[in-house]
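Containing compact mmCIF, C-alpha atoms: final26.txt.
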# COMPACT_ATOMS: atom_id res chain seq x y z
CA MET A 414 106.33 46.83 -201.54
CA LYS A 415 102.74 47.95 -201.66
CA HIS A 416 101.66 44.33 -202.42
CA ALA A 417 103.43 43.02 -199.32
CA THR A 418 101.73 45.56 -197.12
CA VAL A 419 98.33 44.55 -198.46
CA THR A 420 99.09 40.88 -197.90
CA THR A 421 100.14 41.53 -194.30
CA THR A 422 97.01 43.56 -193.68
CA MET A 423 94.85 40.75 -195.03
CA ARG A 424 96.57 38.23 -192.77
CA TRP A 425 96.00 40.33 -189.71
CA GLY A 426 92.40 40.81 -190.70
CA ALA A 427 91.89 37.05 -191.13
CA ALA A 428 93.46 36.40 -187.72
CA LEU A 429 91.25 38.96 -186.02
CA PHE A 430 88.18 37.51 -187.75
CA ALA A 431 89.08 33.99 -186.55
CA LEU A 432 89.65 35.21 -182.98
CA ALA A 433 86.33 37.04 -182.99
CA THR A 434 84.58 33.94 -184.33
CA ILE A 435 86.05 31.77 -181.53
CA MET A 436 85.03 34.27 -178.85
CA PHE A 437 81.52 34.48 -180.32
CA LEU A 438 81.10 30.70 -180.38
CA ALA A 439 82.41 30.44 -176.80
CA ALA A 440 79.92 33.03 -175.64
CA CYS A 441 77.08 31.23 -177.38
CA ALA A 442 77.99 27.76 -176.03
CA PRO A 443 75.51 26.48 -173.42
CA LYS A 444 76.73 26.91 -169.85
CA LYS A 445 76.81 23.96 -167.44
CA LEU A 446 74.45 24.45 -164.54
CA ALA A 447 75.82 23.89 -161.02
CA ALA A 448 74.53 20.73 -159.33
CA PRO A 449 71.81 21.49 -156.78
CA PRO A 450 72.84 21.09 -153.13
CA PRO A 451 71.92 17.74 -151.52
CA PRO A 452 68.69 17.75 -149.55
CA PRO A 453 69.14 18.22 -145.80
CA PRO A 454 69.10 15.00 -143.75
CA PRO A 455 65.78 14.21 -142.08
CA ASN A 456 65.52 15.28 -138.48
CA ALA A 457 66.40 12.40 -136.10
CA THR A 458 63.62 11.42 -133.72
CA ALA A 459 64.22 12.41 -130.12
CA PRO A 460 64.60 9.43 -127.75
CA THR A 461 61.84 8.45 -125.34
CA ALA A 462 62.41 6.89 -121.93
CA SER A 463 60.40 5.50 -119.04
CA LEU A 464 61.51 3.95 -115.73
CA SER A 465 59.48 2.36 -112.94
CA ALA A 466 60.10 0.42 -109.72
CA ASN A 467 57.87 -2.39 -108.43
CA PRO A 468 57.32 -2.21 -105.54
CA ASN A 469 58.29 1.41 -104.98
CA THR A 470 58.26 1.05 -101.18
CA VAL A 471 60.26 -1.71 -99.48
CA ASP A 472 61.50 -2.72 -96.07
CA PRO A 473 65.26 -2.78 -95.38
CA GLY A 474 66.89 -5.72 -97.19
CA GLN A 475 63.89 -6.28 -99.48
CA PRO A 476 64.52 -6.14 -103.27
CA THR A 477 62.55 -4.23 -105.87
CA THR A 478 62.59 -4.50 -109.66
CA LEU A 479 63.45 -1.61 -111.96
CA THR A 480 61.79 -1.80 -115.40
CA TRP A 481 62.63 0.57 -118.24
CA GLN A 482 61.84 1.13 -121.91
CA THR A 483 63.42 3.52 -124.43
CA THR A 484 63.12 4.24 -128.15
CA GLY A 485 65.53 6.03 -130.50
CA ALA A 486 68.43 5.57 -128.07
CA THR A 487 71.86 4.11 -128.72
CA ASP A 488 73.33 4.71 -125.25
CA VAL A 489 71.26 3.97 -122.14
CA SER A 490 72.54 4.00 -118.55
CA ILE A 491 71.17 4.13 -115.01
CA ASP A 492 73.06 5.95 -112.26
CA GLY A 493 74.54 3.48 -109.81
CA ILE A 494 74.08 0.55 -112.22
CA GLY A 495 75.85 1.62 -115.43
CA PRO A 496 75.11 0.85 -119.09
CA VAL A 497 71.94 -1.17 -119.71
CA ASP A 498 69.98 -2.46 -122.70
CA PRO A 499 67.43 -0.11 -124.33
CA ILE A 500 64.62 -2.24 -122.86
CA GLY A 501 64.92 -4.40 -119.75
CA SER A 502 64.49 -4.93 -116.03
CA ARG A 503 66.80 -5.49 -113.07
CA PRO A 504 66.32 -6.25 -109.39
CA VAL A 505 68.00 -3.92 -106.90
CA THR A 506 68.13 -3.82 -103.13
CA PRO A 507 68.69 -0.23 -102.01
CA THR A 508 69.97 0.28 -98.49
CA GLU A 509 68.22 3.66 -98.25
CA SER A 510 65.56 5.62 -100.11
CA THR A 511 66.92 6.18 -103.61
CA THR A 512 65.91 7.96 -106.81
CA TYR A 513 67.15 5.95 -109.78
CA HIS A 514 68.01 8.12 -112.80
CA LEU A 515 67.98 6.76 -116.37
CA ILE A 516 69.63 8.65 -119.25
CA ALA A 517 68.89 7.70 -122.89
CA LYS A 518 71.07 9.25 -125.63
CA GLY A 519 70.54 9.02 -129.39
CA ALA A 520 71.00 10.92 -132.65
CA GLY A 521 67.93 13.03 -131.84
CA GLY A 522 69.13 14.17 -128.41
CA THR A 523 68.91 13.05 -124.77
CA GLN A 524 65.98 11.96 -122.62
CA ASP A 525 65.91 10.93 -118.98
CA ALA A 526 63.51 9.28 -116.54
CA THR A 527 63.49 8.65 -112.80
CA ALA A 528 61.96 6.19 -110.36
CA ARG A 529 61.87 6.70 -106.59
CA VAL A 530 62.19 3.75 -104.20
CA THR A 531 61.39 4.45 -100.56
CA VAL A 532 63.06 2.23 -97.96
CA ASN A 533 61.10 2.10 -94.74
CA ALA A 534 62.98 2.87 -91.57
CA ALA A 535 63.90 -0.20 -89.56
CA PRO A 536 61.96 -0.32 -86.31
CA ALA A 537 64.12 0.55 -83.35
CA PRO A 538 64.22 -2.25 -80.76
CA ALA A 539 63.02 -1.37 -77.28
CA PRO A 540 65.97 -0.72 -74.93
CA ALA A 541 64.92 -3.39 -72.42
CA SER A 542 64.54 -6.16 -75.00
CA ALA A 543 67.78 -5.17 -76.74
CA SER A 544 69.78 -5.53 -73.54
CA ASN A 545 68.26 -8.96 -72.90
CA ALA A 546 68.37 -10.21 -76.51
CA THR A 547 69.99 -13.57 -77.06
CA GLU A 548 72.71 -14.06 -79.68
CA GLU A 549 70.20 -15.85 -81.88
CA GLU A 550 67.80 -12.89 -81.67
CA LEU A 551 70.61 -10.47 -82.46
CA PHE A 552 71.61 -12.70 -85.36
CA SER A 553 68.07 -12.64 -86.76
CA GLN A 554 67.89 -8.84 -86.44
CA SER A 555 71.34 -8.05 -87.83
CA VAL A 556 72.33 -10.58 -90.51
CA LYS A 557 70.92 -9.98 -94.00
CA ASP A 558 70.59 -12.47 -96.83
CA ILE A 559 72.58 -11.91 -100.05
CA TYR A 560 70.65 -11.74 -103.34
CA PHE A 561 71.86 -12.75 -106.80
CA ASP A 562 71.08 -11.94 -110.42
CA TYR A 563 69.39 -14.54 -112.63
CA ASP A 564 71.72 -17.42 -113.54
CA LYS A 565 74.62 -15.76 -111.66
CA TYR A 566 76.52 -16.49 -108.47
CA GLU A 567 78.80 -13.44 -108.25
CA ILE A 568 78.20 -10.95 -105.43
CA ARG A 569 76.39 -7.94 -106.89
CA PRO A 570 77.77 -4.45 -106.12
CA ASP A 571 74.52 -3.48 -104.38
CA GLN A 572 74.92 -6.46 -101.99
CA GLN A 573 78.39 -5.51 -100.74
CA VAL A 574 77.09 -3.32 -97.89
CA ALA A 575 74.89 -6.14 -96.56
CA LEU A 576 77.75 -8.63 -96.85
CA GLN A 577 80.15 -6.35 -94.99
CA GLY A 578 77.56 -5.87 -92.25
CA ASP A 579 77.12 -9.64 -91.93
CA ALA A 580 80.88 -10.16 -91.67
CA LYS A 581 81.22 -7.42 -89.05
CA PHE A 582 78.45 -8.94 -86.90
CA LEU A 583 80.01 -12.42 -87.09
CA GLN A 584 83.42 -11.03 -86.15
CA GLN A 585 81.85 -9.37 -83.10
CA HIS A 586 80.12 -12.63 -82.09
CA ALA A 587 82.84 -15.20 -82.42
CA ASN A 588 80.78 -18.01 -80.84
CA ILE A 589 78.12 -17.98 -83.55
CA ARG A 590 78.27 -20.66 -86.23
CA ILE A 591 76.12 -20.46 -89.32
CA THR A 592 74.95 -22.33 -92.39
CA VAL A 593 74.66 -20.52 -95.70
CA GLU A 594 71.81 -21.96 -97.77
CA GLY A 595 71.99 -21.54 -101.55
CA HIS A 596 68.62 -20.97 -103.27
CA SER A 597 67.40 -20.30 -106.82
CA ASP A 598 64.17 -19.37 -108.56
CA GLU A 599 61.92 -21.96 -110.22
CA ARG A 600 63.33 -21.69 -113.76
CA GLY A 601 65.67 -24.42 -114.99
CA SER A 602 66.12 -28.08 -114.11
CA THR A 603 66.45 -29.37 -110.57
CA GLU A 604 70.02 -30.53 -111.17
CA TYR A 605 71.12 -27.25 -112.70
CA ASN A 606 69.64 -25.17 -109.89
CA LEU A 607 71.23 -27.35 -107.22
CA ALA A 608 74.66 -26.71 -108.78
CA LEU A 609 73.96 -22.98 -109.20
CA SER A 610 72.75 -22.66 -105.61
CA ALA A 611 75.81 -24.50 -104.31
CA ASN A 612 77.99 -21.95 -106.10
CA ARG A 613 76.01 -19.12 -104.53
CA ALA A 614 76.43 -20.54 -101.02
CA ASP A 615 80.17 -21.09 -101.62
CA THR A 616 80.56 -17.54 -102.96
CA VAL A 617 79.01 -16.09 -99.79
CA LYS A 618 81.16 -18.29 -97.56
CA ASN A 619 84.36 -17.35 -99.39
CA ALA A 620 83.46 -13.65 -99.16
CA LEU A 621 82.97 -13.97 -95.38
CA ILE A 622 86.31 -15.73 -95.04
CA GLN A 623 88.03 -12.97 -97.00
CA ALA A 624 86.40 -10.46 -94.64
CA GLY A 625 87.96 -12.22 -91.62
CA VAL A 626 85.33 -14.77 -90.54
CA GLY A 627 86.77 -18.19 -89.75
CA GLY A 628 85.90 -20.77 -92.38
CA ASP A 629 85.29 -23.44 -89.72
CA ARG A 630 82.31 -21.39 -88.50
CA VAL A 631 80.51 -21.45 -91.86
CA LYS A 632 78.82 -24.47 -93.45
CA THR A 633 77.02 -24.47 -96.80
CA ILE A 634 74.10 -26.40 -98.26
CA SER A 635 72.27 -26.16 -101.58
CA TYR A 636 68.48 -26.36 -101.90
CA GLY A 637 68.14 -25.15 -105.50
CA LYS A 638 64.51 -24.35 -106.20
CA GLU A 639 63.10 -26.80 -103.65
CA LYS A 640 62.50 -24.35 -100.77
CA PRO A 641 61.23 -21.08 -102.32
CA PHE A 642 60.63 -18.04 -100.15
CA CYS A 643 58.00 -16.77 -102.61
CA SER A 644 55.74 -18.87 -104.83
CA GLU A 645 54.54 -16.40 -107.49
CA SER A 646 55.90 -16.61 -111.06
CA ASN A 647 57.20 -13.08 -111.61
CA GLU A 648 60.55 -11.30 -111.40
CA SER A 649 59.88 -9.64 -108.06
CA CYS A 650 59.17 -13.04 -106.51
CA TRP A 651 61.99 -14.85 -108.34
CA GLN A 652 64.45 -12.28 -107.00
CA GLN A 653 63.51 -13.16 -103.43
CA ASN A 654 64.35 -16.79 -104.15
CA ARG A 655 67.79 -16.14 -105.69
CA ARG A 656 69.67 -15.77 -102.43
CA GLY A 657 72.24 -16.95 -99.99
CA HIS A 658 70.23 -17.42 -96.79
CA PHE A 659 71.89 -17.35 -93.33
CA VAL A 660 70.79 -19.86 -90.69
CA TYR A 661 71.88 -19.69 -87.05
CA GLU A 662 73.36 -22.99 -85.84
CA LYS A 663 72.40 -23.81 -82.26
Could you rewrite the structure in this file as structure tokens?
Amino acid sequence: MKHATVTTTMRWGAALFALATIMFLAACAPKKLAAPPPPPPPNATAPTASLSANPNTVDPGQPTTLTWQTTGATDVSIDGIGPVDPIGSRPVTPTESTTYHLIAKGAGGTQDATARVTVNAAPAPAPASASNATEEELFSQSVKDIYFDYDKYEIRPDQQVALQGDAKFLQQHANIRITVEGHSDERGSTEYNLALSANRADTVKNALIQAGVGGDRVKTISYGKEKPFCSESNESCWQQNRRGHFVYEK
């Protein structure tokens, strides 16, 4: 009986020794170091933006060209125009003095820029001459040409006010007949610009008809680039040549 007790004691001692050995080895085992946190992302560069208008003072009905440049921007827009490319230019014809506001957004934040265009007040006609003005003189004073974007013949949103004013005048003077001349700038072949200008003249005529002007009162003709209003080779001048021009028919 005494031998069995000794044997049991030895077994328990061996078990305790083995457990202690395992715990010792576990404590001595090298510990895995935690991975260092990833480095913070580099700070994104704040966008830059500039906007200018040339010319910045115009007479009523005269176009100007907005030019802008941005860096570090993924979303660029101009109030009243909408989304635009990060770098570009666009002709506009404001009907009143306007401050154009550009907003450039990017990963580094938001930047804006403005350009002011002053529209000169139209000279008021003298009362005596106004009362004696002929229909042709009233036509010349009241009817405004319609301007188009490069290589386009759709009516621009900023030309709708002028078009509506033209239609209203023609409705009030039912005896007046007109010719709408289609014009283009100097770029492109003669044949291409003749076709483009014909589309511009037809677009203006169709818009007048939709506004209530009789189609039999409106003729169209295309001159392409053959009769420019401005002869300089720059965007401001080209814009003056991309137009539907109204001519009073005697």
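The closest residue to Phe561 of chain A, picked from A:Asn654, A:Ser510, A:Thr477, A:Thr461 and counting all atoms listed in the file, is A:Asn654.
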Rank nothing, just name the residue among A:Thr592, A:Asn533, A:Gln475, A:Thr487 nearest to Ala459 of chain A, using all atoms listed in the file.
->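 Checking each of A:Thr592, A:Asn533, A:Gln475, A:Thr487 against Ala459 of chain A, counting all atoms listed in the file, the winner is A:Thr487.
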Tell me, in Å to one decimal, how far atom CA of Val530 of chain A is from atom CA of Val497 of chain A.
->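 Separation between atom CA of Val530 of chain A and atom CA of Val497 of chain A: 19.0 Å.
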Interatomic distance, atom CA of Ala575 of chain A to atom CA of Ile559 of chain A (Å, one decimal) =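 The value is 7.1 Å.
Atom CA of Ala580 of chain A is found 11.3 Å from atom CA of Val631 of chain A.
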Would you list the residues near (66.7, -12.3, -103.8), meaning any protein, DNA or RNA residue with an atom at most 10 Å from that point in file coordinates, counting all atoms listed in the file, as a PyMOL selection string?
-> chain A and resi 474-477+504-506+558-563+596-598+642-643+648-658
For Ser602 of chain A, which residue out of A:Lys638, A:Gly521, A:Gln554, A:Tyr566 is the nearest one, using all atoms listed in the file?
->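 Closest to Ser602 of chain A, using all atoms listed in the file: A:Lys638.
Shell of Ala620 of chain A at 9 Å, with all atoms listed in the file counted and residues fewer than 6 places along the chain excluded, is A:Ile568, A:Leu576, A:Ala580, A:Val626.
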Shell around Glu549 of chain A at 9 Å using all atoms listed in the file, local window under 2 positions removed, as a PDB file with C-alpha atoms, in the coordinates of the input:
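Written out: around.pdb:
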ATOM      1  CA  ALA A 546      68.370 -10.210 -76.510  1.00  0.00           C
ATOM      2  CA  THR A 547      69.990 -13.570 -77.060  1.00  0.00           C
ATOM      3  CA  LEU A 551      70.610 -10.470 -82.460  1.00  0.00           C
ATOM      4  CA  PHE A 552      71.610 -12.700 -85.360  1.00  0.00           C
ATOM      5  CA  SER A 553      68.070 -12.640 -86.760  1.00  0.00           C
ATOM      6  CA  GLN A 554      67.890  -8.840 -86.440  1.00  0.00           C
ATOM      7  CA  ILE A 589      78.120 -17.980 -83.550  1.00  0.00           C
ATOM      8  CA  TYR A 661      71.880 -19.690 -87.050  1.00  0.00           C
ATOM      9  CA  GLU A 662      73.360 -22.990 -85.840  1.00  0.00           C
ATOM     10  CA  LYS A 663      72.400 -23.810 -82.260  1.00  0.00           C
TER      11      LYS A 663
END
Which residue, A:Pro460, A:Arg600, A:Gln572, A:Leu609, has the smallest gap to Ser646 of chain A when you use all atoms listed in the file?
-> A:Arg600
Which of these residues is nearest to Gln524 of chain A, using only C-alpha atoms: A:Pro570, A:Thr470, A:Ser463, A:Thr511?
-> A:Ser463
Which one is closest to Asp615 of chain A: A:Gly595, A:Pro473, A:Gly627, A:Gly522? Count all atoms listed in the file.
->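 Of the candidates, the smallest distance to Asp615 of chain A is held by A:Gly595.
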